[in-house]
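Raw protein18.csv, CSV, C-alpha atoms:
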```csv
chain,number,residue,atom,x,y,z
A,1,ASP,CA,114.7,116.6,85.6
A,2,VAL,CA,115.2,115.5,89.2
A,3,LYS,CA,116.3,112.0,89.6
A,4,VAL,CA,115.8,110.1,92.8
A,5,THR,CA,117.3,106.6,92.6
A,6,GLN,CA,116.6,103.8,95.0
A,7,SER,CA,119.2,101.0,94.9
A,8,SER,CA,116.8,98.1,94.7
A,9,ARG,CA,113.3,97.7,93.1
A,10,TYR,CA,112.6,94.4,95.0
A,11,LEU,CA,114.1,92.9,98.1
A,12,VAL,CA,113.4,89.7,100.0
A,13,LYS,CA,114.9,89.5,103.5
A,14,ARG,CA,114.5,87.1,106.4
A,15,THR,CA,113.2,88.1,109.8
A,16,GLY,CA,115.9,89.5,112.1
A,17,GLU,CA,118.2,90.6,109.2
A,18,LYS,CA,119.6,94.1,109.1
A,19,VAL,CA,118.4,95.7,106.0
A,20,PHE,CA,119.8,98.8,104.2
A,21,LEU,CA,117.8,100.8,101.7
A,22,GLU,CA,119.8,103.3,99.7
A,23,CYS,CA,118.6,106.5,98.0
A,24,VAL,CA,120.5,109.0,95.9
A,25,GLN,CA,119.3,112.3,94.4
A,26,ASP,CA,121.1,114.3,91.8
A,27,MET,CA,119.6,117.8,92.2
A,28,ASP,CA,121.5,119.0,95.3
A,29,HIS,CA,118.3,119.0,97.3
A,30,GLU,CA,118.6,119.8,101.0
A,31,ASN,CA,115.6,117.7,102.1
A,32,MET,CA,115.2,114.0,101.9
A,33,PHE,CA,112.5,111.7,103.1
A,34,TRP,CA,111.6,108.1,103.6
A,35,TYR,CA,107.9,107.0,103.4
A,36,ARG,CA,106.3,103.6,103.4
A,37,GLN,CA,103.1,102.9,101.4
A,38,ASP,CA,100.6,100.3,102.6
A,39,PRO,CA,97.1,99.6,101.2
A,40,GLY,CA,94.5,101.6,102.9
A,41,LEU,CA,97.0,103.7,104.8
A,42,GLY,CA,98.5,105.8,102.1
A,43,LEU,CA,102.1,107.1,102.5
A,44,ARG,CA,103.4,107.5,106.0
A,45,LEU,CA,106.6,109.4,106.9
A,46,ILE,CA,109.3,107.3,108.6
A,47,TYR,CA,112.2,109.8,108.8
A,48,PHE,CA,113.4,112.9,107.1
A,49,SER,CA,116.5,115.0,106.9
A,50,TYR,CA,117.0,118.7,106.3
A,51,ASP,CA,120.7,118.6,105.9
A,52,VAL,CA,123.8,116.4,106.1
A,53,LYS,CA,124.1,114.5,109.4
A,54,MET,CA,120.7,115.8,110.4
A,55,LYS,CA,117.7,113.6,110.9
A,56,GLU,CA,114.2,113.9,112.4
A,57,LYS,CA,111.6,111.3,113.2
A,58,GLY,CA,108.5,111.2,111.2
A,59,ASP,CA,105.2,109.5,112.2
A,60,ILE,CA,106.3,105.9,112.3
A,61,PRO,CA,110.1,105.7,113.2
A,62,GLU,CA,109.9,102.6,115.4
A,63,GLY,CA,112.2,99.9,114.1
A,64,TYR,CA,114.0,102.1,111.7
A,65,SER,CA,117.0,104.4,111.6
A,66,VAL,CA,118.6,106.6,109.0
A,67,SER,CA,121.9,107.9,107.9
A,68,ARG,CA,122.8,111.0,105.9
A,69,GLU,CA,126.6,111.3,105.6
A,70,LYS,CA,126.5,113.0,102.2
A,71,LYS,CA,124.0,115.5,100.9
A,72,GLU,CA,122.9,113.4,97.9
A,73,ARG,CA,122.5,110.1,99.9
A,74,PHE,CA,119.9,109.1,102.5
A,75,SER,CA,119.9,105.5,103.8
A,76,LEU,CA,117.1,103.8,105.6
A,77,ILE,CA,118.1,101.0,108.0
A,78,LEU,CA,115.9,98.3,109.4
A,79,GLU,CA,117.8,97.2,112.5
A,80,SER,CA,116.1,93.8,112.8
A,81,ALA,CA,113.6,93.2,110.0
A,82,SER,CA,110.1,91.9,111.0
A,83,THR,CA,107.2,90.7,108.8
A,84,ASN,CA,105.2,93.9,109.6
A,85,GLN,CA,107.9,95.8,107.8
A,86,THR,CA,106.9,94.2,104.5
A,87,SER,CA,105.9,97.2,102.5
A,88,MET,CA,106.7,99.6,99.6
A,89,TYR,CA,109.4,102.1,100.6
A,90,LEU,CA,109.6,105.4,98.9
A,91,CYS,CA,112.4,107.9,99.0
A,92,ALA,CA,111.8,111.5,98.1
A,93,SER,CA,113.7,114.8,97.9
A,94,SER,CA,112.9,118.5,97.7
A,95,PRO,CA,114.7,121.9,97.8
A,96,SER,CA,115.0,123.8,101.0
A,97,PRO,CA,112.0,125.5,102.5
A,98,GLY,CA,113.4,128.9,101.6
A,99,THR,CA,112.5,128.3,98.0
A,100,GLY,CA,108.8,127.9,98.8
A,101,ASN,CA,106.5,125.0,98.8
A,102,SER,CA,108.3,122.7,96.3
A,103,PRO,CA,106.7,119.3,95.6
A,104,LEU,CA,108.5,116.2,96.6
A,105,HIS,CA,110.3,114.2,93.9
A,106,PHE,CA,110.0,110.5,94.5
A,107,GLY,CA,112.0,107.5,93.5
A,108,TYR,CA,110.5,104.4,92.0
A,109,GLY,CA,110.2,102.7,95.3
A,110,THR,CA,111.6,99.5,96.9
A,111,ARG,CA,109.2,96.6,97.4
A,112,LEU,CA,110.5,94.9,100.5
A,113,THR,CA,109.2,91.5,101.6
A,114,VAL,CA,110.3,90.1,105.0
A,115,THR,CA,109.7,86.4,105.4
B,1,ASP,CA,94.7,109.9,113.7
B,2,GLN,CA,94.2,110.4,110.0
B,3,GLN,CA,94.6,114.1,109.3
B,4,VAL,CA,94.0,113.8,105.6
B,5,LYS,CA,91.3,111.4,104.4
B,6,GLN,CA,90.3,110.1,101.1
B,7,ASN,CA,87.1,108.2,101.8
B,8,SER,CA,86.7,106.6,98.4
B,9,PRO,CA,89.2,103.8,97.9
B,10,SER,CA,88.2,103.4,94.3
B,11,LEU,CA,86.4,105.2,91.5
B,12,SER,CA,85.4,104.1,88.0
B,13,VAL,CA,84.6,106.6,85.3
B,14,GLN,CA,83.8,106.4,81.6
B,15,GLU,CA,86.3,107.7,79.2
B,16,GLY,CA,85.5,111.3,78.2
B,17,ARG,CA,83.5,112.0,81.3
B,18,ILE,CA,84.5,114.0,84.4
B,19,SER,CA,86.4,112.3,87.3
B,20,ILE,CA,86.0,113.9,90.7
B,21,LEU,CA,88.3,112.8,93.5
B,22,ASN,CA,87.6,114.1,97.0
B,23,CYS,CA,89.8,114.7,100.0
B,24,ASP,CA,89.0,116.0,103.6
B,25,TYR,CA,91.4,117.3,106.2
B,26,THR,CA,91.1,118.0,109.9
B,27,ASN,CA,94.1,120.2,110.7
B,28,SER,CA,93.2,123.8,110.2
B,29,MET,CA,96.9,124.8,110.1
B,30,PHE,CA,97.3,123.1,106.7
B,31,ASP,CA,97.9,125.9,104.1
B,32,TYR,CA,99.2,124.0,101.1
B,33,PHE,CA,97.6,121.1,99.3
B,34,LEU,CA,98.9,118.8,96.6
B,35,TRP,CA,97.7,115.9,94.4
B,36,TYR,CA,100.0,113.1,93.4
B,37,LYS,CA,99.4,110.4,90.9
B,38,LYS,CA,100.9,106.9,91.2
B,39,TYR,CA,101.2,104.2,88.6
B,40,PRO,CA,102.0,100.6,89.8
B,41,ALA,CA,105.7,99.9,90.4
B,42,GLU,CA,106.5,103.7,90.1
B,43,GLY,CA,106.9,106.4,92.6
B,44,PRO,CA,104.2,109.1,93.0
B,45,THR,CA,104.5,112.1,90.6
B,46,PHE,CA,103.3,115.6,91.4
B,47,LEU,CA,100.2,116.6,89.6
B,48,ILE,CA,98.8,119.9,90.8
B,49,SER,CA,98.8,122.0,94.0
B,50,ILE,CA,96.9,124.8,95.6
B,51,SER,CA,97.7,127.4,98.3
B,52,SER,CA,95.1,128.2,101.0
B,53,ILE,CA,94.8,131.7,99.7
B,54,LYS,CA,93.1,130.4,96.6
B,55,ASP,CA,90.0,128.4,96.1
B,56,LYS,CA,90.8,127.1,92.6
B,57,ASN,CA,93.8,126.2,90.5
B,58,GLU,CA,93.7,124.9,87.0
B,59,ASP,CA,96.3,123.1,84.8
B,60,GLY,CA,95.0,121.8,81.5
B,61,ARG,CA,92.5,119.0,82.2
B,62,PHE,CA,93.1,119.1,85.9
B,63,THR,CA,91.5,121.5,88.4
B,64,VAL,CA,91.8,121.5,92.1
B,65,PHE,CA,89.1,123.2,94.3
B,66,LEU,CA,89.6,124.1,97.9
B,67,ASN,CA,86.8,124.8,100.4
B,68,LYS,CA,88.5,125.9,103.5
B,69,SER,CA,85.4,126.3,105.6
B,70,ALA,CA,84.5,122.7,104.9
B,71,LYS,CA,88.1,121.5,105.1
B,72,HIS,CA,87.6,119.8,101.7
B,73,LEU,CA,89.4,119.7,98.4
B,74,SER,CA,88.6,118.0,95.2
B,75,LEU,CA,90.4,117.1,92.0
B,76,HIS,CA,88.5,117.3,88.7
B,77,ILE,CA,89.8,115.7,85.6
B,78,VAL,CA,88.0,116.5,82.4
B,79,PRO,CA,87.8,114.8,80.0
B,80,SER,CA,89.0,111.6,81.6
B,81,GLN,CA,91.4,109.5,79.5
B,82,PRO,CA,92.6,105.9,79.9
B,83,GLY,CA,96.1,107.1,80.9
B,84,ASP,CA,94.5,108.7,83.9
B,85,SER,CA,93.9,105.3,85.5
B,86,ALA,CA,96.2,105.4,88.6
B,87,VAL,CA,96.1,105.8,92.3
B,88,TYR,CA,95.7,109.5,93.3
B,89,PHE,CA,97.0,110.8,96.7
B,90,CYS,CA,95.9,114.0,98.3
B,91,ALA,CA,98.6,115.6,100.5
B,92,ALA,CA,98.8,118.6,102.8
B,93,SER,CA,101.4,120.7,104.6
B,94,SER,CA,101.7,123.6,106.9
B,95,ILE,CA,104.3,126.3,107.5
B,96,GLN,CA,104.9,124.9,111.0
B,97,GLY,CA,105.4,121.5,109.4
B,98,ALA,CA,107.9,122.8,106.9
B,99,GLN,CA,108.3,120.4,104.1
B,100,LYS,CA,106.6,117.5,105.8
B,101,LEU,CA,103.6,116.3,103.7
B,102,VAL,CA,100.7,114.4,105.2
B,103,PHE,CA,99.1,112.0,102.7
B,104,GLY,CA,95.7,110.6,102.4
B,105,GLN,CA,95.0,106.9,101.8
B,106,GLY,CA,94.7,107.2,98.1
B,107,THR,CA,91.9,106.6,95.6
B,108,ARG,CA,92.3,104.2,92.7
B,109,LEU,CA,90.8,105.7,89.6
B,110,THR,CA,89.9,103.5,86.7
B,111,ILE,CA,88.9,105.0,83.3
B,112,ASN,CA,86.8,102.6,81.3
B,113,PRO,CA,86.9,102.8,77.4
```
Transcribe the structure of this file into structure tokens.
Amino acid sequence: DVKVTQSSRYLVKRTGEKVFLECVQDMDHENMFWYRQDPGLGLRLIYFSYDVKMKEKGDIPEGYSVSREKKERFSLILESASTNQTSMYLCASSPSPGTGNSPLHFGYGTRLTVT
Amino acid sequence: DQQVKQNSPSLSVQEGRISILNCDYTNSMFDYFLWYKKYPAEGPTFLISISSIKDKNEDGRFTVFLNKSAKHLSLHIVPSQPGDSAVYFCAASSIQGAQKLVFGQGTRLTINP
């Protein structure tokens, strides 16, 4: 079974802090993704990565950056946390596109509150 | 611009009856559609998918129907069970979009005993 592990289930941070959300997958997947989930808005893609050291912007990248130094690890960085970044953050992984349309495998999520 | 829409935020169904969740999309380039199920405090889990070359896919109690001309898909659960109570997300992707999934807003399904 694919396991996607997010380092924290709950986080509380102050406005202006730099925040790191870590995600590790154990299935040697090429693709990794960061989504946020908000009521009434569903899941929105922040950033994704098709390979080590590669990253691409999703639909809502403003205020975020990412890092993928190793294949199994994909980090989301909030450069200066703001209250409108209070949300559920979900990391996901999947095999390369060459294997066909493979469903995303999600972690449990990190509930981030910015005060 | 919401490319994938789930217009019903919530749905309540009696145990044993059929649950029908609906999803509409606007991008005609979408060629692969998925349903995910999410329990509170957990990540979404993949439920069932359908390619645009099909109009129906069935897996046990779950069936997904695709109507390409109407740009509409639906998920049927029959019979509904209390453990089906969750938020259901519809998602879509296209070859040009590679592995990027576009999600709907979600529908909270409650199965009443």
Determine, for each residue of range 48-108 of chain A having at least one atom at most 7 Å from an atom of range 4-27 of chain A, the closest pair of atoms and their separation in Å to one decimal, counting all atoms listed in the file; order by chain and ascending number, as a tab-separated table.
```
residue	atom	partner	partner_atom	distance
A:Glu72	CA	A:Gln25	CA	5.1
A:Arg73	CA	A:Val24	CA	4.6
A:Phe74	CA	A:Cys23	CA	5.4
A:Ser75	CA	A:Glu22	CA	4.7
A:Leu76	CA	A:Leu21	CA	5.0
A:Ile77	CA	A:Phe20	CA	4.7
A:Leu78	CA	A:Val19	CA	5.0
A:Glu79	CA	A:Lys18	CA	4.9
A:Ser80	CA	A:Gly16	CA	4.4
A:Ala81	CA	A:Gly16	CA	4.8
A:Ser82	CA	A:Thr15	CA	5.0
A:Thr83	CA	A:Thr15	CA	6.6
A:Cys91	CA	A:Cys23	CA	6.4
A:Ala92	CA	A:Val4	CA	6.8
A:His105	CA	A:Val4	CA	6.9
A:Phe106	CA	A:Val4	CA	6.1
A:Gly107	CA	A:Val4	CA	4.7
A:Tyr108	CA	A:Gln6	CA	6.8
```
Practice item. Identify which of the residues B:Gly16, B:Gly60, B:Gly83, B:Pro44 lies closest to chain A, counting all atoms listed in the file when measuring atom-to-atom distances. Key: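 Smallest distance to chain A is found for B:Pro44.
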Proximity check chain B to chain A, 10 Å, nearest pairs one decimal Å, all atoms listed in the file, as a tab-separated table:
```
residue	atom	partner	partner_atom	distance
B:Gln2	CA	A:Leu41	CA	8.9
B:Val4	CA	A:Gly42	CA	9.8
B:Lys5	CA	A:Gly42	CA	9.4
B:Gln6	CA	A:Gly42	CA	9.3
B:Asn7	CA	A:Gly40	CA	10.0
B:Pro9	CA	A:Gly40	CA	7.6
B:Tyr32	CA	A:Asn101	CA	7.7
B:Phe33	CA	A:Asn101	CA	9.7
B:Leu34	CA	A:Pro103	CA	7.9
B:Trp35	CA	A:Pro103	CA	9.7
B:Tyr36	CA	A:Pro103	CA	9.4
B:Lys38	CA	A:Tyr108	CA	10.0
B:Tyr39	CA	A:Tyr108	CA	9.9
B:Pro40	CA	A:Tyr108	CA	9.6
B:Ala41	CA	A:Tyr108	CA	6.8
B:Glu42	CA	A:Tyr108	CA	4.5
B:Gly43	CA	A:Tyr108	CA	4.2
B:Pro44	CA	A:Phe106	CA	6.2
B:Thr45	CA	A:Phe106	CA	6.9
B:Phe46	CA	A:Pro103	CA	6.5
B:Leu47	CA	A:Pro103	CA	9.2
B:Ile48	CA	A:Pro103	CA	9.3
B:Ser49	CA	A:Pro103	CA	8.5
B:Ser51	CA	A:Asn101	CA	9.1
B:Tyr88	CA	A:Gly42	CA	9.9
B:Phe89	CA	A:Gly42	CA	7.5
B:Cys90	CA	A:Gly42	CA	9.4
B:Ala91	CA	A:Leu43	CA	9.4
B:Ser93	CA	A:Asn101	CA	8.8
B:Ser94	CA	A:Asn101	CA	9.5
B:Ile95	CA	A:Asn101	CA	9.1
B:Ala98	CA	A:Pro97	CA	6.6
B:Gln99	CA	A:Pro97	CA	6.5
B:Lys100	CA	A:Leu45	CA	8.2
B:Leu101	CA	A:Leu45	CA	8.2
B:Val102	CA	A:Arg44	CA	7.5
B:Phe103	CA	A:Leu43	CA	5.7
B:Gly104	CA	A:Gly42	CA	5.6
B:Gln105	CA	A:Gly42	CA	3.7
B:Gly106	CA	A:Gly42	CA	5.7
B:Thr107	CA	A:Gly40	CA	9.2
```
List every protein, DNA or RNA residue with an atom no more than 8 Å from (83.9, 107.1, 85.2) in the file's coordinates, counting only C-alpha atoms, and format the result as a short mmCIF file (atom, residue, chain, number, x, y, z; two decimals) with C-alpha atoms, in the coordinates of the input.
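Final output, saved to selection.cif:
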```cif
data_model
loop_
_atom_site.label_atom_id
_atom_site.label_comp_id
_atom_site.auth_asym_id
_atom_site.auth_seq_id
_atom_site.Cartn_x
_atom_site.Cartn_y
_atom_site.Cartn_z
CA LEU B 11 86.40 105.20 91.50
CA SER B 12 85.40 104.10 88.00
CA VAL B 13 84.60 106.60 85.30
CA GLN B 14 83.80 106.40 81.60
CA GLU B 15 86.30 107.70 79.20
CA ARG B 17 83.50 112.00 81.30
CA ILE B 18 84.50 114.00 84.40
CA SER B 19 86.40 112.30 87.30
CA SER B 80 89.00 111.60 81.60
CA THR B 110 89.90 103.50 86.70
CA ILE B 111 88.90 105.00 83.30
CA ASN B 112 86.80 102.60 81.30
#
```
Exercise for review: Can you work out the spacing between CA of Pro82 in chain B and CA of Leu21 in chain B in Å, to one decimal?
Suggested key: 15.8 Å
Review point. If you measure from CA of Thr26 in chain B to CA of Pro61 in chain A, what distance in Å do you get, rounded to one decimal?
Key: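 Separating CA of Thr26 in chain B from CA of Pro61 in chain A is a distance of 22.9 Å.
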Check your understanding: How far is it from CA of Val87 in chain B to CA of Arg36 in chain A, in Å with one decimal?
Key ->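 Atom-to-atom, CA of Val87 in chain B to CA of Arg36 in chain A, that is 15.2 Å.
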